[in-house]
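Report on one structure; see the data block that follows.
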Amino acid sequence: RVRVVASTDVAAGWCGTKHVREKKRMETKRNAGEDGDGSVGKKKAAFFDVDGTVTQSNVVVPFVQYKLRKMRWIQKAWYVPYMTLCCVVYLVMDKISRTWFNAVFYRSYRGMPAEEKKHMAQFVHCTYMKPRIFRQAVEMIERLKREGYRIVFVTGSLDFLVEPLAQQLGVDHVLAARMEEEAGRLTGKLLGNPVSDREKAKLVVQYAADHDVDLFRSKAFGDSYADVHMLQAVGEPTVVRGSRKLLRWAGTHRCPCLSYHEHLS
């Protein structure tokens with residue numbers, strides 16, 4: 001079973017510019033032939049964003065599809081225009097801040113019975129996620145596993161929705177958002193911070209500390225500028241199908257870019 005780790009506010013001092021300075025210090029020592037950071041014998045990991053990187057997906061569409069399948073036509077008549085308007089608002093919010101968008105969007109889950117999580121996860125995986133898996137991402141994951149990397153998903157998606165995909169691809173750990181439950185129902189509030197922006201870097205650094213992983217020898221893959229802090233946290237970042245802003249960052253930092261387009265099925 002894939003180990004799923006919830007988002008929590010950890011290792012605050014190890015993200016952002018401080019961690020970048022530490023990484024540069026490590027690089028200088030290695031170039032000089034020193035081993036003061038004790039990296040010999042440490043493990044290496046490959047950290048993957050999911051939506052847009054491993055699958056051509058987002059967090060909104062599967063939620064809407066799951067809601068619609070349970071509605072009568074009269075309910076759909078008002079829900080579809082309502083969600084269309086919401087999606088315009090979500091798009092604007094996401095452009096401003098992925099963290100803000102995640103916190104607001106997940107309020108849509110408020111009141112959903114917790115016992116539905118497993119059923120929803122299977123529905124989303126079979127009808128939405130599985131047909132949208134990038135073949136090149138699967139090949140990359142399999143190659144990295146052969147090379148001894150631990151495969152870790154770092155995603156703003158909810159943990160129970162990502163777990164079937166992680167099991168299919170043989171992922172070792174999932175660092176994902178987790179929703180609060182109360183009286184057998186989801187509250188719409190996340191436990192901890194949304195897994196985006198700096199929070200991704202915090203979780204990656206904490207994972208490395210907990211599992212004896214050398215971040216300098218590790219890789220990270222992301223498609224959005226919300227992944228940039230995670231990319232900066234490792235020695236070998238890679239941009240996948242990047243947004244314009246992320247591609248500009250990649251060009252400035254000489255970061256390799258990949259273009260995935262072919263689906264697995």
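Here, A, B, ... name the chains of the structure tokens in the order displayed, residue numbers run from 1 inside each chain, and ligands are numbered from 1 in the same displayed order.
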
What parts of region 177-258 of chain A does DSSP call strand (DSSP E)? I'd like the answer as a ChimeraX atom specification.
/A:177,179-182,185-190,219-222,236-240,257-258

Polymer residues at most 10 Å from Arg217 (chain A), only C-alpha atoms, same-chain spacing of 6 or more positions, as a compact mmCIF listing (two decimals) with N, CA and C atoms, in the first residue's frame:
```txt
# COMPACT_ATOMS: atom_id res chain seq x y z
N SER A 39 26.71 13.04 2.59
CA SER A 39 25.74 12.53 1.63
C SER A 39 26.04 11.13 1.14
N LYS A 42 23.55 8.04 1.27
CA LYS A 42 22.16 8.47 1.39
C LYS A 42 21.34 8.03 0.19
N LYS A 43 20.03 7.99 0.38
CA LYS A 43 19.13 7.59 -0.71
C LYS A 43 18.87 8.78 -1.63
N LYS A 44 18.29 8.50 -2.77
CA LYS A 44 17.89 9.57 -3.68
C LYS A 44 16.44 9.35 -4.04
N ALA A 45 15.76 10.44 -4.33
CA ALA A 45 14.32 10.38 -4.60
C ALA A 45 13.99 11.23 -5.83
N ALA A 46 12.86 10.90 -6.44
CA ALA A 46 12.33 11.69 -7.56
C ALA A 46 10.94 12.17 -7.14
N TYR A 149 15.89 5.32 -7.50
CA TYR A 149 15.21 6.46 -6.91
C TYR A 149 13.92 6.03 -6.23
N VAL A 234 15.77 20.68 -4.94
CA VAL A 234 16.56 19.50 -5.32
C VAL A 234 17.71 19.91 -6.22
N GLY A 235 18.63 18.97 -6.41
CA GLY A 235 19.78 19.25 -7.26
C GLY A 235 19.51 19.13 -8.73
N GLU A 236 18.47 18.35 -9.10
CA GLU A 236 18.19 18.10 -10.52
C GLU A 236 16.71 18.35 -10.83
```

Residue with smallest distance to Lys202 (chain A) - pool A:Leu258, A:Ala166, A:Leu231, A:Leu246, counting only C-alpha atoms:
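Once distances to Lys202 (chain A) are computed over only C-alpha atoms, the minimum belongs to A:Leu231.
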
Taking the chain letters and numbering used in this document, name the residues of region 51-245 of chain A that DSSP puts in helix (DSSP H, G or I), as number ranges by chain.
A: 60-68, 73-96, 98-109, 114-132, 135-146, 159-169, 198-211, 215-217, 225-232, 244-245

Test item: residues at most 10 Å from Val64 (chain A), only C-alpha atoms, excluding those fewer than 5 positions along its chain, as a list in words
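Selected residues are Val59, Arg69, Tyr79, Val80, Met83 and Ser108 of chain A.
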
For CA of Arg107 (chain A) and CA of Val162 (chain A), determine how far apart the two atoms are, in Å to one decimal place.
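Rounded to one decimal, the two atoms are 18.4 Å apart.
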
All residues 12 Å or closer to region 135-143 of chain A, only C-alpha atoms, same chain fewer than 4 positions away omitted, as a PyMOL selection string:
chain A and resi 45-56+130-131+147-153+165-166+168-172+219-222+238+240-241+258-265

Of A:Cys86, A:Met179, A:Val239, A:Ala103, the one nearest to Ser196 (chain A) when counting only C-alpha atoms is A:Ala103

Just how far from CA of His173 (chain A) is CA of Leu215 (chain A), in Å to one decimal?
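Separating CA of Leu215 (chain A) from CA of His173 (chain A) is a distance of 15.8 Å.
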
Region 249-253 of chain A environment, 9 Å, only C-alpha atoms, sequence neighbours closer than 3 positions dropped, as a ChimeraX atom specification:
/A:225,228,238-239,242,244-246,256-257

Could you write out the selected residues, including C-alpha atoms, as an mmCIF file, in the first residue's frame?
```
data_model
loop_
_atom_site.group_PDB
_atom_site.id
_atom_site.type_symbol
_atom_site.label_atom_id
_atom_site.label_comp_id
_atom_site.auth_asym_id
_atom_site.auth_seq_id
_atom_site.Cartn_x
_atom_site.Cartn_y
_atom_site.Cartn_z
ATOM 1 C CA TYR A 225 5.131 28.022 -11.359
ATOM 2 C CA VAL A 228 9.086 26.264 -8.504
ATOM 3 C CA THR A 238 13.017 19.288 -14.587
ATOM 4 C CA VAL A 239 10.128 21.253 -16.085
ATOM 5 C CA GLY A 242 5.683 24.150 -18.299
ATOM 6 C CA ARG A 244 5.155 30.386 -19.801
ATOM 7 C CA LYS A 245 6.251 31.773 -16.461
ATOM 8 C CA LEU A 246 7.864 28.490 -15.443
ATOM 9 C CA PRO A 256 15.884 20.977 -18.666
ATOM 10 C CA CYS A 257 12.357 20.945 -20.102
#
```

Residue among A:Lys76, A:Val104, A:Asn58, A:Thr187 lying closest to Val89 (chain A), counting only C-alpha atoms:
A:Val104
